[in-house]
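Source file: entry_3.cif; contents: mmCIF, C-alpha atoms (C1' of nucleotides).
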```cif
data_structure
#
loop_
_atom_site.label_atom_id
_atom_site.label_comp_id
_atom_site.auth_asym_id
_atom_site.auth_seq_id
_atom_site.Cartn_x
_atom_site.Cartn_y
_atom_site.Cartn_z
CA MET A 1 232.26 -15.22 -22.76
CA PHE A 2 229.22 -17.33 -23.41
CA CYS A 3 227.31 -16.61 -26.56
CA HIS A 4 224.13 -18.40 -25.44
CA ALA A 5 225.38 -21.51 -27.17
CA ALA A 6 223.63 -22.05 -30.49
CA PRO A 7 220.79 -19.57 -30.74
CA ARG A 8 218.55 -22.15 -32.43
CA PRO A 9 217.69 -21.27 -36.01
CA ARG A 10 214.29 -19.74 -36.35
CA ASN A 11 212.17 -22.56 -37.56
CA ALA A 12 208.71 -22.97 -36.15
CA GLU A 13 208.19 -26.44 -37.50
CA ALA A 14 211.43 -27.79 -36.11
CA THR A 15 210.90 -26.11 -32.77
CA ARG A 16 207.45 -27.51 -32.54
CA ALA A 17 208.79 -30.96 -33.23
CA ALA A 18 211.53 -30.51 -30.65
CA ILE A 19 208.97 -29.54 -28.04
CA LEU A 20 206.86 -32.54 -28.87
CA ASN A 21 209.85 -34.78 -28.56
CA ALA A 22 211.02 -33.35 -25.28
CA SER A 23 207.49 -33.70 -23.94
CA LEU A 24 207.36 -37.33 -24.96
CA GLU A 25 210.57 -37.94 -23.07
CA ARG A 26 209.40 -36.09 -19.97
CA PHE A 27 205.95 -37.59 -19.84
CA SER A 28 207.34 -41.09 -20.17
CA ARG A 29 209.67 -40.56 -17.22
CA GLU A 30 207.65 -38.37 -14.88
CA SER A 31 203.99 -38.02 -14.10
CA TYR A 32 201.73 -35.53 -15.77
CA ASP A 33 201.65 -33.36 -12.69
CA ASP A 34 205.37 -33.45 -12.12
CA VAL A 35 206.17 -32.32 -15.62
CA GLY A 36 206.02 -28.54 -15.87
CA MET A 37 205.79 -26.42 -18.96
CA ARG A 38 208.92 -24.69 -17.78
CA ASP A 39 210.76 -28.02 -17.61
CA ILE A 40 209.90 -28.91 -21.16
CA ALA A 41 210.79 -25.44 -22.35
CA LYS A 42 214.16 -25.64 -20.64
CA ASP A 43 214.87 -29.00 -22.30
CA VAL A 44 214.28 -27.49 -25.69
CA GLY A 45 215.92 -24.20 -24.87
CA VAL A 46 212.97 -21.92 -25.38
CA ASP A 47 210.64 -19.92 -23.23
CA ALA A 48 207.78 -21.65 -21.46
CA ALA A 49 205.31 -19.29 -23.02
CA LEU A 50 206.15 -20.70 -26.42
CA VAL A 51 205.06 -24.16 -25.41
CA SER A 52 201.67 -22.86 -24.38
CA ARG A 53 201.43 -20.85 -27.57
CA TYR A 54 202.19 -23.75 -29.84
CA PHE A 55 200.05 -26.36 -28.20
CA GLY A 56 197.28 -24.36 -26.60
CA SER A 57 197.41 -25.85 -23.17
CA LYS A 58 199.18 -28.50 -21.17
CA GLU A 59 196.31 -30.89 -21.69
CA ASP A 60 196.40 -30.35 -25.42
CA LEU A 61 200.13 -30.91 -25.41
CA PHE A 62 199.69 -34.15 -23.53
CA ALA A 63 197.07 -35.29 -25.99
CA SER A 64 199.37 -34.42 -28.89
CA VAL A 65 202.17 -36.43 -27.34
CA LEU A 66 199.85 -39.37 -26.89
CA ASP A 67 198.81 -39.12 -30.51
CA SER A 68 202.34 -38.86 -31.76
CA CYS A 69 203.54 -41.98 -30.04
CA SER A 70 200.57 -44.25 -30.51
CA ASN A 71 201.15 -44.92 -34.16
CA GLY A 72 203.29 -48.01 -34.16
CA SER A 73 203.06 -49.42 -30.68
CA GLU A 74 206.57 -50.54 -30.05
CA LEU A 75 205.62 -53.66 -28.22
CA MET A 76 204.98 -55.42 -31.45
CA ASP A 77 208.18 -55.31 -33.38
CA GLY A 78 210.35 -58.34 -33.26
CA PRO A 79 209.40 -61.98 -33.65
CA ARG A 80 206.29 -63.10 -31.91
CA SER A 81 207.90 -66.11 -30.35
CA GLY A 82 210.32 -63.91 -28.41
CA PHE A 83 207.71 -61.45 -27.22
CA GLY A 84 207.55 -62.56 -23.61
CA LEU A 85 211.23 -62.57 -22.87
CA ARG A 86 211.95 -59.48 -24.90
CA VAL A 87 209.42 -57.41 -23.03
CA ALA A 88 210.25 -58.88 -19.65
CA HIS A 89 213.88 -58.07 -20.22
CA ALA A 90 213.09 -54.50 -21.17
CA VAL A 91 210.94 -53.88 -18.13
CA ILE A 92 213.19 -55.54 -15.61
CA PHE A 93 216.65 -54.70 -16.85
CA GLU A 94 216.31 -51.52 -18.84
CA PRO A 95 214.42 -49.13 -16.66
CA LYS A 96 216.11 -46.17 -18.31
CA LYS A 97 215.92 -46.99 -21.95
CA GLU A 98 212.71 -48.86 -21.41
CA GLY A 99 213.18 -50.27 -24.84
CA LYS A 100 210.39 -48.57 -26.64
CA LEU A 101 207.54 -48.96 -24.23
CA LYS A 102 206.94 -45.25 -24.06
CA GLY A 103 203.29 -45.48 -24.95
CA LEU A 104 202.49 -47.78 -22.06
CA LEU A 105 204.69 -45.81 -19.73
CA ILE A 106 202.97 -42.54 -20.44
CA MET A 107 199.61 -44.09 -19.80
CA LEU A 108 200.92 -45.60 -16.64
CA ARG A 109 202.16 -42.27 -15.37
CA SER A 110 198.86 -40.64 -16.05
CA VAL A 111 197.34 -42.60 -13.21
CA GLY A 112 197.29 -39.82 -10.72
CA SER A 113 196.13 -36.82 -12.56
CA THR A 114 192.42 -36.83 -13.21
CA LYS A 115 192.88 -34.68 -16.28
CA ALA A 116 195.59 -36.82 -17.79
CA MET A 117 193.56 -39.93 -17.21
CA GLU A 118 190.57 -38.50 -19.02
CA ILE A 119 192.75 -37.80 -22.01
CA VAL A 120 194.21 -41.27 -21.95
CA GLN A 121 190.76 -42.77 -21.66
CA ARG A 122 189.63 -40.79 -24.64
CA THR A 123 192.31 -42.10 -26.98
CA GLY A 124 193.98 -45.03 -25.25
CA THR A 125 191.56 -47.76 -26.11
CA GLU A 126 191.38 -47.36 -29.86
CA ARG A 127 194.86 -46.01 -30.37
CA PHE A 128 196.72 -48.46 -28.20
CA PHE A 129 194.77 -51.41 -26.95
CA GLY A 130 192.97 -51.86 -30.23
CA PRO A 131 196.05 -52.28 -32.43
CA PHE A 132 197.72 -54.36 -29.79
CA ALA A 133 194.73 -56.69 -29.59
CA ASP A 134 194.79 -57.02 -33.38
CA TRP A 135 198.42 -58.02 -33.22
CA VAL A 136 197.73 -60.48 -30.43
CA GLY A 137 194.93 -62.02 -32.44
CA GLY A 138 193.18 -65.32 -31.90
CA GLU A 139 190.47 -66.13 -29.46
CA ASP A 140 189.60 -63.43 -26.94
CA ALA A 141 192.26 -61.17 -28.36
CA MET A 142 191.12 -58.11 -26.46
CA VAL A 143 191.02 -59.93 -23.17
CA ARG A 144 194.47 -61.35 -23.67
CA ALA A 145 195.84 -58.01 -24.83
CA ARG A 146 194.55 -56.36 -21.68
CA LEU A 147 196.04 -59.06 -19.59
CA ALA A 148 199.44 -58.69 -21.21
CA ALA A 149 199.41 -54.92 -21.00
CA ALA A 150 198.38 -55.12 -17.36
CA THR A 151 201.21 -57.47 -16.54
CA ILE A 152 203.75 -55.19 -18.18
CA MET A 153 202.51 -52.03 -16.55
CA GLY A 154 202.20 -53.74 -13.23
CA MET A 155 205.79 -54.80 -13.30
CA ALA A 156 206.85 -51.28 -14.21
CA VAL A 157 204.83 -49.89 -11.30
CA SER A 158 206.22 -52.50 -9.00
CA ARG A 159 209.75 -51.62 -10.00
CA GLU A 160 209.26 -47.93 -9.39
CA ILE A 161 207.48 -48.40 -6.12
CA THR A 162 210.49 -50.07 -4.59
CA GLY A 163 213.13 -48.22 -6.56
CA GLY A 164 214.44 -51.03 -8.65
CA PHE A 165 213.40 -54.37 -7.24
CA GLY A 166 214.83 -55.32 -3.91
CA LEU A 167 216.17 -58.43 -5.54
CA ASN A 168 219.62 -59.76 -6.23
CA PRO A 169 220.72 -60.36 -9.82
CA GLU A 170 219.87 -64.07 -9.85
CA GLU A 171 216.43 -63.36 -8.51
CA CYS A 172 215.95 -60.73 -11.18
CA LYS A 173 216.94 -63.27 -13.75
CA ARG A 174 214.35 -65.68 -12.45
CA LEU A 175 211.76 -62.92 -12.30
CA GLU A 176 212.52 -62.18 -15.92
CA ALA A 177 212.14 -65.82 -16.88
CA ARG A 178 208.84 -66.23 -15.04
CA MET A 179 207.39 -63.03 -16.36
CA GLY A 180 208.52 -63.87 -19.86
CA ARG A 181 206.80 -67.20 -19.70
CA ILE A 182 203.58 -65.71 -18.39
CA LEU A 183 203.49 -63.08 -21.12
CA GLN A 184 204.25 -65.58 -23.81
CA ASP A 185 201.50 -67.87 -22.57
CA ILE A 186 199.08 -65.00 -22.69
CA ILE A 187 199.74 -64.03 -26.26
CA ASP A 188 200.04 -67.62 -27.43
CA GLY A 189 196.50 -68.15 -26.26
CA MET B 1 167.12 -23.70 10.17
CA PHE B 2 170.33 -25.65 9.98
CA CYS B 3 172.24 -26.02 13.20
CA HIS B 4 175.55 -27.01 11.58
CA ALA B 5 174.56 -30.64 11.94
CA ALA B 6 176.27 -32.33 14.86
CA PRO B 7 179.11 -30.12 16.06
CA ARG B 8 181.36 -33.15 16.62
CA PRO B 9 182.24 -33.74 20.26
CA ARG B 10 185.63 -32.37 21.16
CA ASN B 11 187.79 -35.41 21.24
CA ALA B 12 191.27 -35.17 19.86
CA GLU B 13 191.90 -38.89 19.69
CA ALA B 14 188.69 -39.62 17.82
CA THR B 15 189.20 -36.71 15.46
CA ARG B 16 192.72 -37.81 14.75
CA ALA B 17 191.47 -41.27 13.96
CA ALA B 18 188.74 -39.87 11.74
CA ILE B 19 191.28 -37.86 9.81
CA LEU B 20 193.50 -40.87 9.37
CA ASN B 21 190.57 -42.87 8.13
CA ALA B 22 189.39 -40.25 5.69
CA SER B 23 192.93 -39.94 4.39
CA LEU B 24 193.17 -43.66 3.85
CA GLU B 25 190.01 -43.52 1.84
CA ARG B 26 191.12 -40.56 -0.21
CA PHE B 27 194.62 -41.79 -0.90
CA SER B 28 193.32 -45.15 -2.04
CA ARG B 29 190.98 -43.52 -4.54
CA GLU B 30 192.97 -40.52 -5.77
CA SER B 31 196.61 -39.79 -6.27
CA TYR B 32 198.80 -38.12 -3.71
CA ASP B 33 198.82 -34.89 -5.67
CA ASP B 34 195.10 -34.85 -6.27
CA VAL B 35 194.26 -35.25 -2.60
CA GLY B 36 194.31 -31.90 -0.85
CA MET B 37 194.45 -31.21 2.85
CA ARG B 38 191.27 -29.25 2.39
CA ASP B 39 189.53 -32.25 0.86
CA ILE B 40 190.39 -34.48 3.75
CA ALA B 41 189.38 -31.83 6.24
CA LYS B 42 186.04 -31.42 4.53
CA ASP B 43 185.43 -35.17 4.65
CA VAL B 44 185.94 -35.17 8.38
CA GLY B 45 184.18 -31.88 8.94
CA VAL B 46 187.05 -29.90 10.40
CA ASP B 47 189.31 -27.10 9.30
CA ALA B 48 192.23 -27.91 7.05
CA ALA B 49 194.62 -26.35 9.51
CA LEU B 50 193.81 -29.06 11.99
CA VAL B 51 195.02 -31.77 9.67
CA SER B 52 198.36 -30.04 9.33
CA ARG B 53 198.51 -29.53 13.08
CA TYR B 54 197.86 -33.15 13.93
CA PHE B 55 200.10 -34.79 11.37
CA GLY B 56 202.79 -32.21 10.78
CA SER B 57 202.76 -32.18 7.02
CA LYS B 58 201.10 -33.84 4.09
CA GLU B 59 204.04 -36.16 3.65
CA ASP B 60 203.90 -37.19 7.29
CA LEU B 61 200.20 -37.79 6.99
CA PHE B 62 200.75 -39.98 3.96
CA ALA B 63 203.40 -41.95 5.80
CA SER B 64 201.04 -42.41 8.75
CA VAL B 65 198.33 -43.69 6.48
CA LEU B 66 200.75 -46.13 4.91
CA ASP B 67 201.76 -47.34 8.34
CA SER B 68 198.22 -47.70 9.53
CA CYS B 69 197.13 -49.87 6.65
CA SER B 70 200.16 -52.04 6.19
CA ASN B 71 199.62 -54.13 9.27
CA GLY B 72 197.62 -57.05 8.01
CA SER B 73 197.86 -56.93 4.27
CA GLU B 74 194.38 -57.77 3.21
CA LEU B 75 195.43 -59.88 0.29
CA MET B 76 196.12 -62.79 2.53
CA ASP B 77 192.90 -63.56 4.29
CA GLY B 78 190.81 -66.34 2.98
CA PRO B 79 191.85 -69.78 1.84
CA ARG B 80 194.98 -70.03 -0.19
CA SER B 81 193.43 -72.18 -2.83
CA GLY B 82 190.96 -69.42 -3.70
CA PHE B 83 193.50 -66.63 -3.80
CA GLY B 84 193.68 -66.18 -7.54
CA LEU B 85 189.99 -65.97 -8.24
CA ARG B 86 189.21 -63.99 -5.13
CA VAL B 87 191.69 -61.27 -5.99
CA ALA B 88 190.88 -61.27 -9.68
CA HIS B 89 187.23 -60.85 -8.85
CA ALA B 90 187.94 -57.96 -6.53
CA VAL B 91 190.06 -56.09 -9.05
CA ILE B 92 187.83 -56.65 -12.03
CA PHE B 93 184.35 -56.50 -10.57
CA GLU B 94 184.58 -54.42 -7.43
CA PRO B 95 186.39 -51.28 -8.46
CA LYS B 96 184.66 -49.32 -5.75
CA LYS B 97 184.89 -51.55 -2.75
CA GLU B 98 188.13 -52.91 -4.04
CA GLY B 99 187.78 -55.68 -1.53
CA LYS B 100 190.49 -54.71 0.82
CA LEU B 101 193.35 -54.00 -1.48
CA LYS B 102 193.85 -50.51 -0.13
CA GLY B 103 197.50 -51.01 0.64
CA LEU B 104 198.36 -51.90 -2.93
CA LEU B 105 196.12 -49.22 -4.30
CA ILE B 106 197.74 -46.48 -2.31
CA MET B 107 201.14 -47.56 -3.47
CA LEU B 108 199.86 -47.66 -7.00
CA ARG B 109 198.55 -44.14 -6.82
CA SER B 110 201.82 -42.84 -5.50
CA VAL B 111 203.37 -43.43 -8.90
CA GLY B 112 203.41 -39.89 -10.04
CA SER B 113 204.44 -37.86 -7.10
CA THR B 114 208.14 -38.02 -6.43
CA LYS B 115 207.62 -37.33 -2.76
CA ALA B 116 204.98 -39.98 -2.29
CA MET B 117 207.08 -42.54 -4.06
CA GLU B 118 210.02 -41.90 -1.78
CA ILE B 119 207.82 -42.55 1.21
CA VAL B 120 206.45 -45.71 -0.30
CA GLN B 121 209.94 -46.88 -1.14
CA ARG B 122 211.01 -46.28 2.43
CA THR B 123 208.34 -48.49 3.97
CA GLY B 124 206.79 -50.51 1.19
CA THR B 125 209.28 -53.31 0.90
CA GLU B 126 209.48 -54.45 4.48
CA ARG B 127 205.96 -53.52 5.48
CA PHE B 128 204.19 -54.91 2.50
CA PHE B 129 206.20 -57.06 0.14
CA GLY B 130 208.04 -58.76 2.98
CA PRO B 131 204.97 -60.11 4.78
CA PHE B 132 203.34 -60.98 1.50
CA ALA B 133 206.40 -62.95 0.39
CA ASP B 134 206.35 -64.80 3.72
CA TRP B 135 202.76 -65.71 3.13
CA VAL B 136 203.47 -66.82 -0.42
CA GLY B 137 206.31 -68.98 0.82
CA GLY B 138 208.13 -71.74 -1.02
CA GLU B 139 210.85 -71.38 -3.57
CA ASP B 140 211.64 -67.88 -4.77
CA ALA B 141 208.94 -66.47 -2.55
CA MET B 142 210.00 -62.86 -3.03
CA VAL B 143 210.13 -63.18 -6.79
CA ARG B 144 206.71 -64.76 -6.93
CA ALA B 145 205.27 -62.22 -4.51
CA ARG B 146 206.52 -59.41 -6.68
CA LEU B 147 205.09 -61.05 -9.73
CA ALA B 148 201.68 -61.46 -8.11
CA ALA B 149 201.62 -57.92 -6.78
CA ALA B 150 202.64 -56.59 -10.18
CA THR B 151 199.86 -58.47 -11.89
CA ILE B 152 197.29 -57.13 -9.48
CA MET B 153 198.44 -53.54 -9.67
CA GLY B 154 198.77 -53.75 -13.40
CA MET B 155 195.20 -54.83 -13.79
CA ALA B 156 194.07 -52.01 -11.56
CA VAL B 157 196.03 -49.52 -13.63
CA SER B 158 194.69 -50.99 -16.79
CA ARG B 159 191.15 -50.68 -15.52
CA GLU B 160 191.56 -47.05 -14.57
CA ILE B 161 193.32 -46.12 -17.74
CA THR B 162 190.35 -47.09 -19.81
CA GLY B 163 187.69 -46.29 -17.25
CA GLY B 164 186.44 -49.74 -16.55
CA PHE B 165 187.56 -52.15 -19.22
CA GLY B 166 186.09 -51.72 -22.63
CA LEU B 167 184.85 -55.25 -22.42
CA ASN B 168 181.43 -56.83 -22.33
CA PRO B 169 180.36 -58.88 -19.31
CA GLU B 170 181.31 -62.25 -20.79
CA GLU B 171 184.72 -60.96 -21.70
CA CYS B 172 185.15 -59.63 -18.19
CA LYS B 173 184.25 -63.03 -16.87
CA ARG B 174 186.88 -64.64 -19.04
CA LEU B 175 189.39 -62.00 -18.04
CA GLU B 176 188.67 -62.81 -14.42
CA ALA B 177 189.14 -66.52 -15.04
CA ARG B 178 192.42 -66.07 -16.86
CA MET B 179 193.81 -63.63 -14.35
CA GLY B 180 192.74 -65.84 -11.49
CA ARG B 181 194.52 -68.80 -13.00
CA ILE B 182 197.71 -66.83 -13.56
CA LEU B 183 197.73 -65.51 -10.02
CA GLN B 184 197.05 -68.92 -8.56
CA ASP B 185 199.84 -70.44 -10.61
CA ILE B 186 202.21 -67.81 -9.33
CA ILE B 187 201.55 -68.40 -5.67
CA ASP B 188 201.33 -72.16 -6.07
CA GLY B 189 204.88 -72.16 -7.30
"C1'" DG C 1 218.65 -1.23 -47.28
"C1'" DC C 2 214.45 -0.93 -45.44
"C1'" DC C 3 209.74 -3.10 -44.02
"C1'" DG C 4 206.63 -6.28 -42.51
"C1'" DC C 5 205.82 -10.60 -40.59
"C1'" DT C 6 206.52 -14.05 -37.49
"C1'" DA C 7 209.44 -16.80 -34.11
"C1'" DG C 8 210.56 -16.15 -29.71
"C1'" DT C 9 210.92 -13.55 -25.02
"C1'" DC C 10 209.52 -11.11 -20.80
"C1'" DA C 11 206.89 -9.80 -17.07
"C1'" DA C 12 203.01 -10.42 -14.91
"C1'" DC C 13 198.41 -12.32 -13.61
"C1'" DG C 14 195.25 -15.35 -11.14
"C1'" DC C 15 194.85 -19.53 -8.98
"C1'" DC C 16 195.39 -23.08 -5.72
"C1'" DC C 17 198.24 -25.42 -2.67
"C1'" DG C 18 200.46 -26.61 2.00
"C1'" DG C 19 201.56 -24.50 6.16
"C1'" DT C 20 201.46 -21.08 10.45
"C1'" DG C 21 200.38 -17.72 14.20
"C1'" DA C 22 196.71 -15.55 16.48
"C1'" DC C 23 192.31 -16.13 17.77
"C1'" DT C 24 187.69 -18.38 19.67
"C1'" DT C 25 185.12 -21.86 21.81
"C1'" DA C 26 183.95 -25.78 24.51
"C1'" DA C 27 184.88 -29.11 28.24
"C1'" DT C 28 186.72 -29.82 32.93
"C1'" DG C 29 188.11 -29.57 37.79
"C1'" DG C 30 187.94 -26.83 41.96
"C1'" DC D 1 180.27 -20.67 38.46
"C1'" DC D 2 184.38 -19.40 36.90
"C1'" DA D 3 189.36 -20.12 35.41
"C1'" DT D 4 192.23 -22.94 32.81
"C1'" DT D 5 193.50 -25.73 29.11
"C1'" DA D 6 193.00 -28.16 25.16
"C1'" DA D 7 190.28 -28.47 20.54
"C1'" DG D 8 189.24 -26.27 16.68
"C1'" DT D 9 188.91 -22.06 13.49
"C1'" DC D 10 190.31 -18.06 10.80
"C1'" DA D 11 192.95 -15.13 7.99
"C1'" DC D 12 196.85 -15.09 5.65
"C1'" DC D 13 201.47 -16.02 3.75
"C1'" DG D 14 204.84 -17.56 0.28
"C1'" DG D 15 205.55 -20.21 -3.65
"C1'" DG D 16 204.80 -22.63 -7.86
"C1'" DC D 17 201.84 -23.50 -11.54
"C1'" DG D 18 199.65 -22.66 -16.42
"C1'" DT D 19 198.65 -19.04 -19.13
"C1'" DT D 20 198.43 -14.27 -21.54
"C1'" DG D 21 199.31 -9.71 -23.63
"C1'" DA D 22 202.80 -6.67 -24.79
"C1'" DC D 23 207.11 -6.52 -26.48
"C1'" DT D 24 211.82 -7.64 -29.27
"C1'" DA D 25 214.60 -9.54 -32.79
"C1'" DG D 26 215.63 -11.90 -36.92
"C1'" DC D 27 214.47 -13.38 -41.77
"C1'" DG D 28 212.24 -12.76 -46.70
"C1'" DG D 29 210.64 -9.67 -50.43
"C1'" DC D 30 210.91 -5.35 -52.78
#
```
Represent the structure from my file as structure tokens, please.
Amino acid sequence: MFCHAAPRPRNAEATRAAILNASLERFSRESYDDVGMRDIAKDVGVDAALVSRYFGSKEDLFASVLDSCSNGSELMDGPRSGFGLRVAHAVIFEPKKEGKLKGLLIMLRSVGSTKAMEIVQRTGTERFFGPFADWVGGEDAMVRARLAAATIMGMAVSREITGGFGLNPEECKRLEARMGRILQDIIDG
Amino acid sequence: MFCHAAPRPRNAEATRAAILNASLERFSRESYDDVGMRDIAKDVGVDAALVSRYFGSKEDLFASVLDSCSNGSELMDGPRSGFGLRVAHAVIFEPKKEGKLKGLLIMLRSVGSTKAMEIVQRTGTERFFGPFADWVGGEDAMVRARLAAATIMGMAVSREITGGFGLNPEECKRLEARMGRILQDIIDG
DNA sequence: GCCGCTAGTCAACGCCCGGTGACTTAATGG
DNA sequence: CCATTAAGTCACCGGGCGTTGACTAGCGGC
């Protein structure tokens, strides 16, 4: 007989963190509208009501997730000279793991819900684009940062839209190379 | 006293066309989920039930819209040598008119709804990317077409995510120039 | 060993959506 | 001028969503 698995030790802090984490995962894989409170709750193994209770509302939860993942934009770790290829590889060949592009992905998925987009607009620029532009540096840093971010998100969109690319492996390889070069050119100035 | 404006002559064909047109407009500006049958109906000035009746279901309507706008992808008119700048200008400076990028925009907005994305996946590749790749031509046409489309959609996403860019006019101008050059390089080979 | 407090659950509410069957109204042909 | 038929409307359903107030169960202090 099933004993409801592990009944999860009563620990508000840990539960809260687990919810936040599950939400991050969900929101980076599905759109704001497609993610339901009940889905998140099921992932964690709690009741949906608890999610509302802890975070106030779905919008607040989304904002919290955005906050939690914006510190340390994951684009920027690793050597600068390998940036282009590294990111291109992640976007083209690791659609599941998605390396650590969660921040960008969540923003990307918010296109669709008016509410989610407002939240992203409120925090996205200073929390994400700002630090990224600083890392990019040099002349016209903000412009180049936007350009790079756009290229990355665009490729992610493009991939999803066709369900993987409709390309054979060699073509993917060449796509990776071209995209890598473009990205590198952008951040190199 | 108001006489309910013009009571719209009873003409099924015209009404059908009007609905299709209004849907195109809506779907290119808002996401699949955010567009309601009632919204579209209101735009046209008919009852929401009629929209369902004429097109079967929301998904069918969406598919019809996609069909109707995919013939003649609007990216490709105008001289080839001006492609990069022309498109960059449209994306960056004409967010409302959006030139005639409706096809791409609708696809872009479908990211979010699982249903909408399935429909796009079903028709997008051959109806949109195929013709575009033919137009691009040359070596690795499909790869370069995907790259160009990704760049365009990415910039559109990026713009929406921050609500316009957070850039001053000169920066926008430089963004346009850079993006134009990148696009042109892609389609030139 | 009981009590109080809090983490967590349960049932239900109100809302809005897409879709449908029964109705009303306008054009048309005899 | 009326009957017929198609065009359009209306009321309503069933379902899923986010959220809430009332409840239950487990842990810490005395």
Using all atoms listed in the file, which residues sit within 12 Å of range 11-14 of chain D once same-chain residues fewer than 6 positions away are excluded, as a ChimeraX atom specification? /B:49 /C:17-23
Given the selection you just returned, output its residues as a file containing C-alpha atoms (C1' of nucleotides), formatted as a PDB file, keeping the file's coordinate frame.
```
ATOM      1  CA  ALA B  49     194.620 -26.350   9.510  1.00  0.00           C
TER       2      ALA B  49
ATOM      3  C1'  DC C  17     198.240 -25.420  -2.670  1.00  0.00           C
ATOM      4  C1'  DG C  18     200.460 -26.610   2.000  1.00  0.00           C
ATOM      5  C1'  DG C  19     201.560 -24.500   6.160  1.00  0.00           C
ATOM      6  C1'  DT C  20     201.460 -21.080  10.450  1.00  0.00           C
ATOM      7  C1'  DG C  21     200.380 -17.720  14.200  1.00  0.00           C
ATOM      8  C1'  DA C  22     196.710 -15.550  16.480  1.00  0.00           C
ATOM      9  C1'  DC C  23     192.310 -16.130  17.770  1.00  0.00           C
TER      10       DC C  23
END
```
So what does the PyMOL selection byres ((chain D) within 10 of (chain A)) actually pick up in this one, as a ChimeraX atom specification? /D:17-20,26-27
Counting all atoms listed in the file, a student should be able to say which residues of chain C come within 10 Å of chain A; what is the right answer, written as a PDB file with C-alpha atoms (C1' of nucleotides), keeping the file's coordinate frame?
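Writing done, so here's selection10.pdb:
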```pdb
ATOM      1  C1'  DT C   6     206.520 -14.050 -37.490  1.00  0.00           C
ATOM      2  C1'  DA C   7     209.440 -16.800 -34.110  1.00  0.00           C
ATOM      3  C1'  DG C   8     210.560 -16.150 -29.710  1.00  0.00           C
ATOM      4  C1'  DT C   9     210.920 -13.550 -25.020  1.00  0.00           C
ATOM      5  C1'  DC C  10     209.520 -11.110 -20.800  1.00  0.00           C
TER       6       DC C  10
END
```
Resolved residues for the PyMOL selection byres ((chain B) within 6 of (chain A)) as an MDAnalysis selection string: chainID B and resid 31 109 112 121 143 150:151 153:155 158 161:162 175
Please save C-alpha atoms of the selected residues as a PDB file, keeping the file's coordinate frame.
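Okay, this is what ended up in part_16.pdb:
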```
ATOM      1  CA  SER B  31     196.610 -39.790  -6.270  1.00  0.00           C
ATOM      2  CA  ARG B 109     198.550 -44.140  -6.820  1.00  0.00           C
ATOM      3  CA  GLY B 112     203.410 -39.890 -10.040  1.00  0.00           C
ATOM      4  CA  GLN B 121     209.940 -46.880  -1.140  1.00  0.00           C
ATOM      5  CA  VAL B 143     210.130 -63.180  -6.790  1.00  0.00           C
ATOM      6  CA  ALA B 150     202.640 -56.590 -10.180  1.00  0.00           C
ATOM      7  CA  THR B 151     199.860 -58.470 -11.890  1.00  0.00           C
ATOM      8  CA  MET B 153     198.440 -53.540  -9.670  1.00  0.00           C
ATOM      9  CA  GLY B 154     198.770 -53.750 -13.400  1.00  0.00           C
ATOM     10  CA  MET B 155     195.200 -54.830 -13.790  1.00  0.00           C
ATOM     11  CA  SER B 158     194.690 -50.990 -16.790  1.00  0.00           C
ATOM     12  CA  ILE B 161     193.320 -46.120 -17.740  1.00  0.00           C
ATOM     13  CA  THR B 162     190.350 -47.090 -19.810  1.00  0.00           C
ATOM     14  CA  LEU B 175     189.390 -62.000 -18.040  1.00  0.00           C
TER      15      LEU B 175
END
```
Spell out the residues picked by the PyMOL selection byres ((chain C and resi 30) around 12) here, as a ChimeraX atom specification. /C:28-29 /D:1-4
Record the distance separating CA of Asp43 in chain B and C1' of DA27 in chain C, expressed in Å with one decimal. 24.4 Å
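Atom pair CA of His89 in chain A / CA of Arg26 in chain A has a distance of 22.4 Å (rounded to one decimal).
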Any chance you could work out the axis-aligned box around range 11-29 of chain C, listed atoms only, 3 Å on each side, giving centre and edge lengths in Å to one decimal, as lines of an AutoDock Vina configuration file?
```
center_x = 195.4
center_y = -19.8
center_z = 10.4
size_x = 28.9
size_y = 26.0
size_z = 60.9
```
Counting only C-alpha atoms, figure out which residue out of B:Phe55, B:Lys42, B:Ile187, B:Cys69 gets nearest to Ile106 in chain B. B:Cys69
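Reported to one decimal place, the separation of CA of Val51 in chain A from C1' of DA22 in chain D is 17.6 Å.
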